[in-house]
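In what follows, a single structure is set out as structure tokens and then discussed.
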Amino acid sequence: MAIFLTENDRVIVQGMTGSEGTKHTTRMIASGTKVVGGVNPRKAGQIQKFEIEPYGPMADQVEAGTHEVPVFGTVAEAKASTGAEVSVVFVPPRFTKDAVLEAIDAQMRLVVVITEGVPVQDSVEFRQIAADKGVQIIGPNCPGIISPGQSNVGITPADITGRGRIGLVSKSGTLTYQMMYELGDLGFTTCIGIGGDPVIGTTHIDALRAFQDDDETDLIVMIGEIGGDAEERAAEFIRENVTKPVVGYVAGFTAPEGKTMGHAGAIVSGSSGTAEAKKEALEAVGVKVGKTPTETANLARELLGK
């Protein structure tokens, strides 16, 4: 199994004809994702061609050569024509809110927002509307979601891990990739980069709940970072709801106080939001926390007896 994304999901790409959309749509198709359409009102009715060289765990299931993907004028048209229920958004920040709201209005089940620099007010608005309408948002400012050997929506490299029994949820894109690499020989059910902005759609808690309920996930790796209290809230959720082993890593032990580090949400004030405070909160509920990604991976191996 996997959480949130499986091999059966048909995917459309909002912003597919732009430079980033074209590049990453090529990678998604090449890794086995069922990309069935793109959305661009100015290019509706056109066909976009992608030259594909298969890679990753599903390479033997992907045909090399030219793949043709239709472009639709709206998300609703794309969904009606293709049956897609997953959308990934590659549009500039100033257009992101409208793109996400369009996907919500079309009742897409899952919307993955890759765009960085989305105004927080916009994120607050579309997250609330999505919650009211039962649409799951991942992001913004995230690498997306990959269920290795099944589907890959976003910008995560598909060739650094295969299928396995570890679930991964991370604020950081690059640390998502590194942990996938560190534990690539064991493999993952699903890896989710939730993004590091102050306001995001899918949280650590959402992923923890889903991994807890997934029969094929034996261990959960949770990567956080300084700033905010998401990890402390996740620790309380783990205390009350998670019976599976959880291994954690918190980025930012050497970050200077009062400075935003990397992500918009990674700012520390006094003792609030520090890596040490988050580590203590997680360890207090039985989560083993590594000081480096490699140490964290080794803790996961120990718990799995690998």
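The chains in the structure tokens are called A, B, ... from first to last as shown; in each chain the residues are counted from 1, and the ligands are counted from 1 in the order shown.
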Go through range 49-95 of chain A residue by residue and, counting only C-alpha atoms, keep those with an atom at most 12 Å from range 161-180 of chain A; for each kept residue give the shortest atom pair and its distance in Å to one decimal, ordered by chain and increasing number, as a tab-separated table.
```
residue	atom	partner	partner_atom	distance
A:Tyr55	CA	A:Thr161	CA	11.6
A:Gly56	CA	A:Gly162	CA	8.0
A:Pro57	CA	A:Gly162	CA	6.0
A:Met58	CA	A:Gly162	CA	9.3
A:Ala59	CA	A:Gly162	CA	11.7
```
Would you write out those residues with N, CA, C and O atoms, as a PDB file, in the first residue's frame?
```pdb
ATOM      1  N   TYR A  55      13.230   5.951 -16.031  1.00  0.00           N
ATOM      2  CA  TYR A  55      14.194   5.778 -14.948  1.00  0.00           C
ATOM      3  C   TYR A  55      13.448   5.440 -13.672  1.00  0.00           C
ATOM      4  O   TYR A  55      12.243   5.610 -13.566  1.00  0.00           O
ATOM      5  N   GLY A  56      14.172   4.946 -12.679  1.00  0.00           N
ATOM      6  CA  GLY A  56      13.573   4.635 -11.392  1.00  0.00           C
ATOM      7  C   GLY A  56      13.004   3.226 -11.343  1.00  0.00           C
ATOM      8  O   GLY A  56      13.131   2.442 -12.294  1.00  0.00           O
ATOM      9  N   PRO A  57      12.360   2.876 -10.229  1.00  0.00           N
ATOM     10  CA  PRO A  57      11.863   1.512 -10.018  1.00  0.00           C
ATOM     11  C   PRO A  57      10.844   1.037 -11.050  1.00  0.00           C
ATOM     12  O   PRO A  57      10.660  -0.165 -11.229  1.00  0.00           O
ATOM     13  N   MET A  58      10.171   1.976 -11.728  1.00  0.00           N
ATOM     14  CA  MET A  58       9.139   1.595 -12.700  1.00  0.00           C
ATOM     15  C   MET A  58       9.621   1.736 -14.142  1.00  0.00           C
ATOM     16  O   MET A  58       8.816   1.732 -15.079  1.00  0.00           O
ATOM     17  N   ALA A  59      10.938   1.839 -14.342  1.00  0.00           N
ATOM     18  CA  ALA A  59      11.472   2.081 -15.683  1.00  0.00           C
ATOM     19  C   ALA A  59      11.030   1.025 -16.688  1.00  0.00           C
ATOM     20  O   ALA A  59      10.770   1.329 -17.864  1.00  0.00           O
TER      21      ALA A  59
END
```
Range 87-190 of chain A near range 27-30 of chain A within 9 Å: what's each residue's closest atom pair and its distance in Å to one decimal, counting only C-alpha atoms, ordered by chain then ascending residue number, as CSV?
```
residue,atom,partner,partner_atom,distance
A:Ser151,CA,A:Met28,CA,8.0
A:Asn152,CA,A:Met28,CA,6.0
A:Val153,CA,A:Met28,CA,6.6
A:Gly154,CA,A:Met28,CA,7.4
A:Ile155,CA,A:Met28,CA,7.9
A:Thr156,CA,A:Met28,CA,8.9
A:Pro157,CA,A:Arg27,CA,8.1
A:Ala158,CA,A:Met28,CA,8.3
```
Write the residues you've just listed into a file as an mmCIF file, in the first residue's frame, and include all heavy atoms for each of them.
```
data_model
loop_
_atom_site.group_PDB
_atom_site.id
_atom_site.type_symbol
_atom_site.label_atom_id
_atom_site.label_comp_id
_atom_site.auth_asym_id
_atom_site.auth_seq_id
_atom_site.Cartn_x
_atom_site.Cartn_y
_atom_site.Cartn_z
ATOM 1 N N SER A 151 3.905 5.875 -7.970
ATOM 2 C CA SER A 151 3.644 7.168 -8.594
ATOM 3 C C SER A 151 4.495 8.232 -7.931
ATOM 4 O O SER A 151 4.913 8.088 -6.771
ATOM 5 C CB SER A 151 2.152 7.530 -8.475
ATOM 6 O OG SER A 151 1.842 8.679 -9.239
ATOM 7 N N ASN A 152 4.746 9.310 -8.679
ATOM 8 C CA ASN A 152 5.618 10.377 -8.208
ATOM 9 C C ASN A 152 5.054 11.707 -8.680
ATOM 10 O O ASN A 152 5.038 11.984 -9.882
ATOM 11 C CB ASN A 152 7.036 10.166 -8.760
ATOM 12 C CG ASN A 152 8.004 11.255 -8.347
ATOM 13 O OD1 ASN A 152 7.778 11.971 -7.385
ATOM 14 N ND2 ASN A 152 9.086 11.383 -9.092
ATOM 15 N N VAL A 153 4.542 12.513 -7.758
ATOM 16 C CA VAL A 153 3.918 13.786 -8.117
ATOM 17 C C VAL A 153 4.719 14.920 -7.473
ATOM 18 O O VAL A 153 4.722 15.076 -6.251
ATOM 19 C CB VAL A 153 2.448 13.830 -7.661
ATOM 20 C CG1 VAL A 153 1.852 15.212 -7.901
ATOM 21 C CG2 VAL A 153 1.635 12.779 -8.410
ATOM 22 N N GLY A 154 5.408 15.680 -8.311
ATOM 23 C CA GLY A 154 6.232 16.771 -7.802
ATOM 24 C C GLY A 154 7.610 16.728 -8.422
ATOM 25 O O GLY A 154 7.774 16.393 -9.602
ATOM 26 N N ILE A 155 8.634 17.049 -7.609
ATOM 27 C CA ILE A 155 9.991 17.186 -8.140
ATOM 28 C C ILE A 155 10.978 16.226 -7.493
ATOM 29 O O ILE A 155 12.173 16.340 -7.682
ATOM 30 C CB ILE A 155 10.492 18.637 -7.959
ATOM 31 C CG1 ILE A 155 10.608 18.997 -6.480
ATOM 32 C CG2 ILE A 155 9.567 19.614 -8.680
ATOM 33 C CD1 ILE A 155 11.208 20.393 -6.237
ATOM 34 N N THR A 156 10.491 15.250 -6.734
ATOM 35 C CA THR A 156 11.366 14.309 -6.047
ATOM 36 C C THR A 156 12.011 13.350 -7.041
ATOM 37 O O THR A 156 11.313 12.758 -7.865
ATOM 38 C CB THR A 156 10.579 13.496 -5.007
ATOM 39 O OG1 THR A 156 9.924 14.389 -4.114
ATOM 40 C CG2 THR A 156 11.497 12.579 -4.222
ATOM 41 N N PRO A 157 13.332 13.146 -6.980
ATOM 42 C CA PRO A 157 13.961 12.143 -7.847
ATOM 43 C C PRO A 157 13.417 10.758 -7.533
ATOM 44 O O PRO A 157 13.286 10.384 -6.370
ATOM 45 C CB PRO A 157 15.456 12.243 -7.476
ATOM 46 C CG PRO A 157 15.611 13.584 -6.838
ATOM 47 C CD PRO A 157 14.309 13.862 -6.144
ATOM 48 N N ALA A 158 13.104 9.998 -8.562
ATOM 49 C CA ALA A 158 12.462 8.696 -8.369
ATOM 50 C C ALA A 158 13.447 7.544 -8.291
ATOM 51 O O ALA A 158 13.050 6.414 -8.017
ATOM 52 C CB ALA A 158 11.479 8.424 -9.495
#
```
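Of the listed residues A:Gln150, A:Thr82, A:Gln136, A:Thr74, the one whose atoms come nearest to Gly32 in chain A is A:Gln150, with distances taken using only C-alpha atoms.
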Using DSSP on the backbone coordinates, identify the residues of range 16-47 of chain A assigned to alpha helix (DSSP H); present them as a PyMOL selection string. chain A and resi 19-30
If we count only C-alpha atoms, what is near Ser87 in chain A at a cut-off of 6 Å, once residues fewer than 3 positions away on the same chain are taken out, given as number ranges by chain? A: 11-13, 111
For Ala251 in chain A: contacts at 8 Å, only C-alpha atoms, fewer than 5 positions along chain excluded, given as a ChimeraX atom specification: /A:223-226,275
Generate the output file for the selected residues, N, CA and C atoms, as a compact mmCIF listing (two decimals), in the first residue's frame.
```txt
# COMPACT_ATOMS: atom_id res chain seq x y z
N ILE A 223 10.91 14.27 9.77
CA ILE A 223 11.95 15.30 9.71
C ILE A 223 11.30 16.67 9.92
N GLY A 224 11.79 17.38 10.93
CA GLY A 224 11.31 18.73 11.20
C GLY A 224 12.44 19.72 11.10
N GLU A 225 12.17 20.93 11.51
CA GLU A 225 13.21 21.97 11.52
C GLU A 225 12.80 23.05 12.51
N ILE A 226 13.72 23.92 12.80
CA ILE A 226 13.46 24.98 13.76
C ILE A 226 12.29 25.85 13.30
N ALA A 275 15.69 23.74 17.92
CA ALA A 275 15.87 22.32 17.61
C ALA A 275 15.93 21.50 18.90
```
For the contact check between range 17-55 of chain A and range 88-97 of chain A, emit one row per residue of range 17-55 of chain A within 8 Å, containing the shortest atom pair and the distance in Å rounded to one decimal, counting only C-alpha atoms, chain then rising number order, as CSV.
```
residue,atom,partner,partner_atom,distance
A:Gly18,CA,A:Phe90,CA,7.9
A:Glu20,CA,A:Phe90,CA,6.7
A:Gly21,CA,A:Phe90,CA,5.5
```
Can you tell me, as a tab-separated table (two decimals) with N, CA and C atoms, in the first residue's frame, what residues are no more than 12 Å from Val287 in chain A when counting only C-alpha atoms, ignoring any on the same chain fewer than 5 positions away?
```
chain	number	residue	atom	x	y	z
A	219	LEU	N	7.52	1.50	10.12
A	219	LEU	CA	8.26	2.52	10.88
A	219	LEU	C	8.09	3.86	10.19
A	220	ILE	N	8.06	4.93	10.97
A	220	ILE	CA	7.87	6.28	10.43
A	220	ILE	C	9.10	7.12	10.74
A	221	VAL	N	9.59	7.82	9.72
A	221	VAL	CA	10.66	8.80	9.91
A	221	VAL	C	10.06	10.18	9.73
A	222	MET	N	10.25	11.05	10.72
A	222	MET	CA	9.69	12.39	10.70
A	222	MET	C	10.81	13.42	10.77
A	223	ILE	N	10.91	14.27	9.77
A	223	ILE	CA	11.95	15.30	9.71
A	223	ILE	C	11.30	16.67	9.92
A	231	GLU	N	6.37	20.41	15.41
A	231	GLU	CA	6.96	19.18	15.92
A	231	GLU	C	6.48	18.88	17.33
A	232	GLU	N	6.31	19.91	18.14
A	232	GLU	CA	5.77	19.69	19.48
A	232	GLU	C	4.33	19.17	19.43
A	234	ALA	N	3.11	17.50	16.92
A	234	ALA	CA	3.23	16.13	16.42
A	234	ALA	C	3.62	15.17	17.53
A	235	ALA	N	4.48	15.62	18.44
A	235	ALA	CA	4.88	14.77	19.57
A	235	ALA	C	3.67	14.41	20.43
A	236	GLU	N	2.81	15.37	20.68
A	236	GLU	CA	1.62	15.09	21.48
A	236	GLU	C	0.70	14.11	20.75
A	237	PHE	N	0.60	14.26	19.43
A	237	PHE	CA	-0.22	13.33	18.66
A	237	PHE	C	0.36	11.92	18.73
A	238	ILE	N	1.69	11.83	18.63
A	238	ILE	CA	2.34	10.52	18.71
A	238	ILE	C	2.05	9.88	20.06
A	239	ARG	N	2.12	10.66	21.12
A	239	ARG	CA	1.87	10.14	22.46
A	239	ARG	C	0.48	9.48	22.55
A	242	VAL	N	-0.10	7.12	18.09
A	242	VAL	CA	0.80	6.34	17.24
A	242	VAL	C	1.45	5.21	18.04
A	243	THR	N	1.27	3.99	17.57
A	243	THR	CA	1.86	2.83	18.23
A	243	THR	C	3.08	2.31	17.48
A	244	LYS	N	3.27	2.74	16.26
A	244	LYS	CA	4.43	2.30	15.48
A	244	LYS	C	5.67	3.07	15.90
A	245	PRO	N	6.87	2.50	15.74
A	245	PRO	CA	8.08	3.24	16.08
A	245	PRO	C	8.26	4.45	15.18
A	246	VAL	N	8.71	5.55	15.77
A	246	VAL	CA	8.95	6.79	15.03
A	246	VAL	C	10.38	7.24	15.31
A	247	VAL	N	11.10	7.60	14.25
A	247	VAL	CA	12.44	8.15	14.36
A	247	VAL	C	12.39	9.58	13.84
A	248	GLY	N	13.06	10.50	14.52
A	248	GLY	CA	12.98	11.90	14.15
A	248	GLY	C	14.32	12.54	13.89
A	249	TYR	N	14.29	13.63	13.14
A	249	TYR	CA	15.45	14.49	12.95
A	249	TYR	C	14.95	15.92	12.88
A	250	VAL	N	15.63	16.82	13.57
A	250	VAL	CA	15.25	18.23	13.57
A	250	VAL	C	16.43	19.05	13.04
A	278	LYS	N	12.47	20.96	20.38
A	278	LYS	CA	11.71	19.99	19.60
A	278	LYS	C	12.23	18.58	19.86
A	279	LYS	N	13.53	18.44	19.93
A	279	LYS	CA	14.13	17.13	20.22
A	279	LYS	C	13.65	16.61	21.57
A	280	GLU	N	13.64	17.47	22.56
A	280	GLU	CA	13.19	17.05	23.89
A	280	GLU	C	11.73	16.64	23.88
A	281	ALA	N	10.89	17.39	23.15
A	281	ALA	CA	9.47	17.06	23.09
A	281	ALA	C	9.26	15.71	22.43
A	282	LEU	N	10.00	15.42	21.39
A	282	LEU	CA	9.86	14.15	20.69
A	282	LEU	C	10.39	12.99	21.53
A	296	THR	N	20.18	9.45	12.17
A	296	THR	CA	18.75	9.17	12.17
A	296	THR	C	18.46	7.90	11.38
A	299	LEU	N	19.41	4.90	13.38
A	299	LEU	CA	18.40	4.60	14.41
A	299	LEU	C	17.24	3.82	13.80
A	300	ALA	N	16.85	4.21	12.58
A	300	ALA	CA	15.76	3.50	11.91
A	300	ALA	C	16.16	2.05	11.62
A	303	LEU	N	15.93	-0.02	14.81
A	303	LEU	CA	14.56	-0.35	15.20
A	303	LEU	C	13.95	-1.41	14.30
```
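Atom to atom, CA of Asp215 in chain A and CA of Lys291 in chain A stand 29.0 Å apart.
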Per residue of range 8-123 of chain A within 10 Å of range 181-200 of chain A, what are the shortest atom pair and its distance in Å to one decimal, counting only C-alpha atoms, with rows by chain and residue number, as a tab-separated table?
```
residue	atom	partner	partner_atom	distance
A:Val112	CA	A:Ile194	CA	9.4
A:Val113	CA	A:Gly195	CA	9.4
A:Ile114	CA	A:Gly195	CA	8.7
A:Glu116	CA	A:Asp197	CA	8.8
A:Gly117	CA	A:Asp197	CA	8.8
A:Val118	CA	A:Asp197	CA	8.9
A:Pro119	CA	A:Val199	CA	9.7
A:Val120	CA	A:Val199	CA	6.5
A:Gln121	CA	A:Val199	CA	8.9
A:Asp122	CA	A:Val199	CA	9.5
A:Ser123	CA	A:Val199	CA	6.2
```
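Going from CA of Gly228 in chain A to CA of Arg109 in chain A covers 28.0 Å.
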Write out as a VMD selection string all residues of range 17-91 of chain A that DSSP puts in strand (DSSP E or B) for this structure's backbone. chain A and resid 34 to 39 47 to 52 65 to 72 86 to 89
